[in-house]
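Chemist: Sharing a structure with you now.
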Amino acid sequence: MRTKVTLILILLNVALLAVIIYSRREWKHQQDLARISKRVLGDEAIGMKSLEITASGSTGKIRLERADENASWNLKSPIDWPANEHAIRRIVHELEFLEPINSFDVDGLAKNGQSLADYGLKPPKLTLDFTRPSRTPGGPDIATRLEIGDTTKVGGERLYVLSPDGKTVHVVNRSLAQSLIVGMDELRTDTLFTIPVFEVRSLGLQNAAPAPRVRLRRDGARWSFEAPIVTRASKSDAEVVISGLNRLRALDFINDVPTADTGLDKPSLRVTLEGNSRRETLLLGLPYPESPAFKKETLVPTTAYYARMEERSQVFVTSIPDGLLTTLRRAQEKLRDTRVLDFEPTSVSAISLIAAGQTEPLVLRRDDAAADVWRIVRPGGAPALPADAKFVGNLLQRLSLLTATPHNSKDSAFLRDAPSDAEVENYGFNLPQREITLTLAAGKTITLQIGVSGANGGTVQARVRGQPFIYAVPADTLNELPVAANVYRERTLRALPEGTRITSLTLTANDAADKPLVSLKPADNQSWDEALATETEPRREALKTVLASMATLRAKEFVNDVFTETTLVDGRPTPWKYTLAVTFTSGTGATQTGTTTLQVAERSGGGAQLAGSKEFNTVFVIEQSMLDALWTLTYGARDPGPPAAVVPATRAAAP
């Protein structure tokens, strides 16, 4: 019994809720109908397709049209130009929601001795003629006329308007007139291109014949040339140009000049932007004859031109920055990607470098197990040497940033796009000074060739094998791309592991082995700071520097891959001058010991000092800090120091 009652109550509640929802919907519908019925215009202004504004005493009309209610508005008279959507929406909104404050019948005016002329409605001050599509499919458009008269005598904040059927005069807010009484500058848009940078898919340029057509296309984040050559384009430069085109404005509109006088019958430049299913083309004619007295001074030099959009017949004047115009006219050069090579340094797995006259290339290979480890591959099966990842990274960075640079201000950086065999030889590519091959992912390779042209004053050029283009590059490019294993070798020869302790340090002149310059061996329980406490301040600091340098042994640069018993000092073969040795222990029990010995040459006149190691089988230049410390230890005692200050003699007083 209770279940049945509960179900009945639920059904009654559902029914009541349905009645409430239906009643509310009907009530809202009635409210909307009541609100619409109070407006001056019913549905005549909804879905408007055209609007014509005529002022009293004026022969000209302003006419606006659109294809449908979702399309953009266009001015058709007095000029053919896109309309300012914001200004037109304001007018349409005022018409759709125009509500009378007061109303009276036209038939009653005569009884009071009045006529429409007393309210400025015969003739009207403004006449609005607009159309909307028929609600019947295929039917003709429905036309409506609204006439606007004077402002009210009291306050002047309201207007008299005559209803479309001519039977009623309405008093409405003046905001309608304010939306209509605007200049052409406010009714039209002044932009030429409407496709934003991010939407542009291609840029087309056509100078006057016989210049070739230039076309650039975006592919993801990259830009490239499709005509007249196929090559990379500069993404940043292409987008700067498109931004510059979007900033162009129509300054004035021309209706009475013959086409031949504007130069638009044979445009000097045609610029096309293509976006998502739309295309816009600017035609540029002759320079517009501006009077010097009216020409405005601008920070960026500009020139005014006759122009029109290809899809419209309206001629206008636009001012183009001279720099932008130069780029558009020389786009094949100005919009080229100036980088010679197109690769990501992180994608390179191997580098092969060879100079003219060499038979074996220098090969640098990235370690398969560690991306930041590089090795120098030596010929003949010799063990690979560790490479300095920083120097290899710098090499890859220089290659990735190698840019086409003109040899002088008058020449182009892009020397040839389709060179002949004679030009290839003339630019030095029959015997290139450098040939660098980069191995990328999946075994793909890129080979850069650097040539020097003796016929052109020793200029340096670059090209990529398999591509026809020849680029001018800076004269110091060869110096930036050395082909020597020592340049790329890892500078750190040995770094003692953490916990390792140096147990002794000796420095001996080889011609006086029995008189060591330094011989230090701290006790087992003594630190180096305690062992050096009795030394003078200069020697103590120098000894600390030597200990630190021997713990982490680094070369400033390498001279020879093989240790030799003599070395060159100031160009002369000379025996090694000093022997520098340290012993060290590692581990808690001091069971693992080792010795590192360096042969050190006399300091050369150029401010460099060489060292050799049998252990590492190399000769190298020591770093500046070590050089200064060794000078203090070897010559510090004989350094006389700065000269004493000269005290002028006191002149005796006159008697």
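In the structure tokens, the first chain shown is A, the next is B, and so on; residue numbers restart at 1 for each chain, and ligands run from 1 in the order shown.
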Just the residues within 12 Å of A:Val230, please, counting only C-alpha atoms, with nothing from its chain fewer than 3 positions along; format it as a list in words.

Modeler: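 Once the nearby chain positions are removed, what remains is Val214, Arg215, Leu216, Arg217, Trp223, Ser224, Phe225, Glu226, Ala227, Ala233, Gln332, Arg336, Asp337, Asp417, Ala418, Gln467, Pro468 and Phe469 of chain A.
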
Chemist: Mind checking which residues fall within 10 Å of A:Gly108, counting only C-alpha atoms, ignoring those fewer than 6 positions away in the same chain, and posting them as a list of chain:residue names?

Modeler: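 Contacts, in chain order: A:Gln114, A:Ser115, A:Lys167, A:Thr168.
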
Chemist: Write out as an mmCIF file with N, CA and C atoms, in the first residue's frame each polymer residue whose atoms come within 8 Å of stretch 397-408 of chain A, counting only C-alpha atoms; drop sequence neighbours fewer than 3 positions from it.

Modeler:
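Okay, part-v8.cif is ready:
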```
data_model
loop_
_atom_site.group_PDB
_atom_site.id
_atom_site.type_symbol
_atom_site.label_atom_id
_atom_site.label_comp_id
_atom_site.auth_asym_id
_atom_site.auth_seq_id
_atom_site.Cartn_x
_atom_site.Cartn_y
_atom_site.Cartn_z
ATOM 1 N N THR A 338 70.384 32.293 -44.509
ATOM 2 C CA THR A 338 71.809 32.534 -44.726
ATOM 3 C C THR A 338 72.683 31.423 -44.154
ATOM 4 N N ARG A 339 72.116 30.520 -43.372
ATOM 5 C CA ARG A 339 72.919 29.414 -42.846
ATOM 6 C C ARG A 339 73.297 28.454 -43.979
ATOM 7 N N VAL A 340 74.580 28.113 -44.031
ATOM 8 C CA VAL A 340 75.047 27.223 -45.092
ATOM 9 C C VAL A 340 74.580 25.791 -44.839
ATOM 10 N N LEU A 341 74.622 25.364 -43.579
ATOM 11 C CA LEU A 341 74.254 23.988 -43.226
ATOM 12 C C LEU A 341 72.969 23.981 -42.413
ATOM 13 N N ASP A 342 72.169 22.975 -42.626
ATOM 14 C CA ASP A 342 70.902 22.834 -41.907
ATOM 15 C C ASP A 342 70.935 21.523 -41.125
ATOM 16 N N PHE A 343 71.305 21.616 -39.847
ATOM 17 C CA PHE A 343 71.350 20.420 -39.013
ATOM 18 C C PHE A 343 71.298 20.838 -37.551
ATOM 19 N N GLU A 344 70.970 19.884 -36.692
ATOM 20 C CA GLU A 344 70.983 20.088 -35.252
ATOM 21 C C GLU A 344 72.262 19.463 -34.694
ATOM 22 N N PRO A 345 73.073 20.231 -33.957
ATOM 23 C CA PRO A 345 74.324 19.673 -33.433
ATOM 24 C C PRO A 345 74.126 18.392 -32.626
ATOM 25 N N GLY A 393 81.974 20.467 -29.354
ATOM 26 C CA GLY A 393 80.719 21.227 -29.351
ATOM 27 C C GLY A 393 80.877 22.588 -30.001
ATOM 28 N N ASN A 394 82.026 23.245 -29.736
ATOM 29 C CA ASN A 394 82.281 24.544 -30.370
ATOM 30 C C ASN A 394 82.391 24.402 -31.887
ATOM 31 N N ASP A 411 78.367 43.261 -53.173
ATOM 32 C CA ASP A 411 78.088 41.921 -53.694
ATOM 33 C C ASP A 411 77.047 41.201 -52.845
ATOM 34 N N SER A 412 76.483 40.165 -53.419
ATOM 35 C CA SER A 412 75.538 39.318 -52.705
ATOM 36 C C SER A 412 76.296 38.214 -51.977
ATOM 37 N N ALA A 413 75.716 37.756 -50.878
ATOM 38 C CA ALA A 413 76.310 36.626 -50.157
ATOM 39 C C ALA A 413 76.063 35.310 -50.883
ATOM 40 N N PHE A 414 75.070 35.289 -51.765
ATOM 41 C CA PHE A 414 74.737 34.089 -52.531
ATOM 42 C C PHE A 414 75.361 34.256 -53.918
ATOM 43 N N THR A 459 89.277 35.177 -51.931
ATOM 44 C CA THR A 459 88.015 35.089 -51.199
ATOM 45 C C THR A 459 87.706 33.634 -50.845
ATOM 46 N N TYR A 471 78.127 29.903 -51.659
ATOM 47 C CA TYR A 471 77.950 30.993 -50.709
ATOM 48 C C TYR A 471 79.287 31.688 -50.462
ATOM 49 N N ALA A 472 79.247 32.984 -50.299
ATOM 50 C CA ALA A 472 80.408 33.717 -49.788
ATOM 51 C C ALA A 472 80.410 33.595 -48.271
ATOM 52 N N VAL A 473 81.571 33.288 -47.688
ATOM 53 C CA VAL A 473 81.682 33.129 -46.237
ATOM 54 C C VAL A 473 82.841 33.981 -45.740
ATOM 55 N N PRO A 474 82.905 34.252 -44.423
ATOM 56 C CA PRO A 474 83.974 35.109 -43.889
ATOM 57 C C PRO A 474 85.367 34.557 -44.195
ATOM 58 N N GLU A 480 88.754 28.938 -38.350
ATOM 59 C CA GLU A 480 87.758 28.480 -37.392
ATOM 60 C C GLU A 480 87.502 26.978 -37.491
#
```

Chemist: When DSSP works through the backbone of this structure, what residues of stretch 52-121 of chain A end up as strand (DSSP E), shown as a VMD selection string?

Modeler: chain A and resid 52 to 55 61 to 65 74 to 77 81 to 82 102 to 105

Chemist: Now that the selection is made, can you save its residues with C-alpha atoms as a PDB file, in the first residue's frame?

Modeler:
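Result file follows (out-v6.pdb):
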```
ATOM      1  CA  GLU A  52      21.862  52.057 -47.683  1.00  0.00           C
ATOM      2  CA  ILE A  53      22.217  55.410 -45.899  1.00  0.00           C
ATOM      3  CA  THR A  54      21.089  58.589 -47.665  1.00  0.00           C
ATOM      4  CA  ALA A  55      21.432  62.064 -46.148  1.00  0.00           C
ATOM      5  CA  LYS A  61      24.858  57.288 -50.793  1.00  0.00           C
ATOM      6  CA  ILE A  62      26.615  54.902 -48.472  1.00  0.00           C
ATOM      7  CA  ARG A  63      25.795  51.338 -49.369  1.00  0.00           C
ATOM      8  CA  LEU A  64      26.873  48.219 -47.509  1.00  0.00           C
ATOM      9  CA  GLU A  65      26.260  44.609 -48.484  1.00  0.00           C
ATOM     10  CA  ASN A  74      31.524  45.336 -47.534  1.00  0.00           C
ATOM     11  CA  LEU A  75      31.194  48.939 -48.611  1.00  0.00           C
ATOM     12  CA  LYS A  76      29.908  49.157 -52.195  1.00  0.00           C
ATOM     13  CA  SER A  77      29.403  52.915 -52.457  1.00  0.00           C
ATOM     14  CA  TRP A  81      36.112  48.213 -49.732  1.00  0.00           C
ATOM     15  CA  PRO A  82      35.720  45.962 -46.652  1.00  0.00           C
ATOM     16  CA  ASN A 102       6.760  57.672 -27.214  1.00  0.00           C
ATOM     17  CA  SER A 103       4.652  57.293 -30.359  1.00  0.00           C
ATOM     18  CA  PHE A 104       1.779  59.076 -32.113  1.00  0.00           C
ATOM     19  CA  ASP A 105      -0.187  58.524 -35.305  1.00  0.00           C
TER      20      ASP A 105
END
```

Chemist: So how far away is atom CA of A:Leu553 from atom CA of A:Ala495, in Å?

Modeler: 6.3 Å

Chemist: Name all residues at most 7 Å from A:Met48 (count only C-alpha atoms; drop same-chain ones fewer than 6 positions away) and give them as a list in words.

Modeler: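 Here the qualifying residues turn out to be Glu69, Phe130, Thr131 and Arg132 of chain A.
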
Chemist: Grab the atom CA of A:Ile101 to atom CA of A:Val171 distance for me, in Å with one decimal place.

Modeler: 5.5 Å

Chemist: Pick out each residue of stretch 100-167 of chain A that DSSP on the backbone tags as helix (DSSP H, G or I); I need them as a list in words.

Modeler: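 Put together, the selection reads Ala110, Lys111, Asn112, Leu116, Ala117, Asp118 and Tyr119 of chain A.
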
Chemist: Can I get the selected residues back with N, CA and C atoms, as a compact mmCIF listing (two decimals), in the first residue's frame?

Modeler:
```txt
# COMPACT_ATOMS: atom_id res chain seq x y z
N ALA A 110 -2.61 66.36 -38.61
CA ALA A 110 -3.37 67.43 -39.28
C ALA A 110 -4.38 68.07 -38.33
N LYS A 111 -4.95 67.28 -37.40
CA LYS A 111 -5.94 67.81 -36.45
C LYS A 111 -5.32 68.87 -35.54
N ASN A 112 -3.98 68.74 -35.32
CA ASN A 112 -3.29 69.70 -34.45
C ASN A 112 -2.55 70.76 -35.26
N LEU A 116 4.41 66.24 -41.10
CA LEU A 116 5.69 65.54 -40.94
C LEU A 116 6.87 66.48 -41.07
N ALA A 117 6.71 67.56 -41.83
CA ALA A 117 7.80 68.53 -41.99
C ALA A 117 8.18 69.17 -40.67
N ASP A 118 7.18 69.31 -39.74
CA ASP A 118 7.48 69.91 -38.44
C ASP A 118 8.41 69.03 -37.60
N TYR A 119 8.51 67.77 -37.94
CA TYR A 119 9.36 66.85 -37.20
C TYR A 119 10.60 66.45 -38.02
```

Chemist: Skipping near chain neighbours, those fewer than 4 positions away, what residues fall within 6 Å of stretch 439-449 of chain A using only C-alpha atoms, listed as a PDB file with C-alpha atoms, in the first residue's frame?

Modeler:
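File written: selection.pdb
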```pdb
ATOM      1  CA  SER A 347      71.924  14.842 -34.055  1.00  0.00           C
ATOM      2  CA  VAL A 348      75.547  14.476 -35.245  1.00  0.00           C
ATOM      3  CA  SER A 349      77.170  11.116 -34.488  1.00  0.00           C
ATOM      4  CA  ALA A 350      80.482  11.597 -36.331  1.00  0.00           C
ATOM      5  CA  ARG A 434      88.366  21.932 -46.235  1.00  0.00           C
ATOM      6  CA  GLU A 435      85.939  19.073 -46.616  1.00  0.00           C
ATOM      7  CA  ALA A 462      81.378  27.386 -49.257  1.00  0.00           C
ATOM      8  CA  ARG A 463      79.008  24.882 -50.764  1.00  0.00           C
ATOM      9  CA  VAL A 464      77.268  21.666 -49.737  1.00  0.00           C
ATOM     10  CA  ARG A 465      78.051  18.637 -51.855  1.00  0.00           C
TER      11      ARG A 465
END
```

Chemist: Would you kindly return, as a PyMOL selection string, each protein, DNA or RNA residue with an atom no farther than 9 Å from any atom of A:Val300, considering only C-alpha atoms and excluding same-chain residues fewer than 4 positions away?

Modeler: chain A and resi 321-323

Chemist: Write out, as a short mmCIF file (atom, residue, chain, number, x, y, z; two decimals), in the first residue's frame, the residues just selected, with C-alpha atoms.

Modeler:
```
data_model
loop_
_atom_site.label_atom_id
_atom_site.label_comp_id
_atom_site.auth_asym_id
_atom_site.auth_seq_id
_atom_site.Cartn_x
_atom_site.Cartn_y
_atom_site.Cartn_z
CA PRO A 321 58.52 51.36 -45.95
CA ASP A 322 61.47 51.48 -48.34
CA GLY A 323 63.19 48.61 -46.51
#
```

Chemist: For A:Ile88, work out the shell of residues within 10 Å, counting only C-alpha atoms and skipping chain neighbours fewer than 5 positions away, then give it as a PyMOL selection string.

Modeler: chain A and resi 51+64+72-74+83+93-94+179-180+186-188

Chemist: Go ahead and save the residues from that selection, with N, CA and C atoms, as a compact mmCIF listing (two decimals), in the first residue's frame.

Modeler:
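Written out: out_35.txt:
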```
# COMPACT_ATOMS: atom_id res chain seq x y z
N LEU A 51 22.39 47.52 -46.57
CA LEU A 51 22.01 48.73 -45.86
C LEU A 51 22.48 49.92 -46.67
N LEU A 64 26.14 49.36 -48.05
CA LEU A 64 26.87 48.22 -47.51
C LEU A 64 26.13 46.94 -47.85
N SER A 72 31.03 38.71 -43.95
CA SER A 72 31.52 40.04 -43.57
C SER A 72 30.84 41.10 -44.41
N TRP A 73 30.75 42.31 -43.84
CA TRP A 73 30.14 43.44 -44.54
C TRP A 73 31.18 44.10 -45.45
N ASN A 74 30.67 44.62 -46.59
CA ASN A 74 31.52 45.34 -47.53
C ASN A 74 30.85 46.63 -47.95
N ALA A 83 34.17 46.69 -44.95
CA ALA A 83 33.62 47.60 -43.95
C ALA A 83 34.23 47.30 -42.58
N HIS A 93 22.78 46.65 -34.53
CA HIS A 93 22.28 46.44 -33.18
C HIS A 93 21.27 47.51 -32.79
N GLU A 94 21.56 48.76 -33.13
CA GLU A 94 20.64 49.86 -32.83
C GLU A 94 19.30 49.65 -33.54
N SER A 179 25.22 56.43 -34.17
CA SER A 179 25.85 55.30 -34.84
C SER A 179 25.88 55.49 -36.36
N LEU A 180 24.97 56.33 -36.87
CA LEU A 180 24.88 56.53 -38.32
C LEU A 180 25.73 57.70 -38.81
N GLU A 186 35.53 55.75 -40.42
CA GLU A 186 35.05 54.85 -39.37
C GLU A 186 34.23 53.69 -39.92
N LEU A 187 33.63 53.88 -41.09
CA LEU A 187 32.82 52.81 -41.67
C LEU A 187 33.65 51.78 -42.42
N ARG A 188 34.84 52.15 -42.83
CA ARG A 188 35.68 51.22 -43.58
C ARG A 188 36.84 50.75 -42.71
```
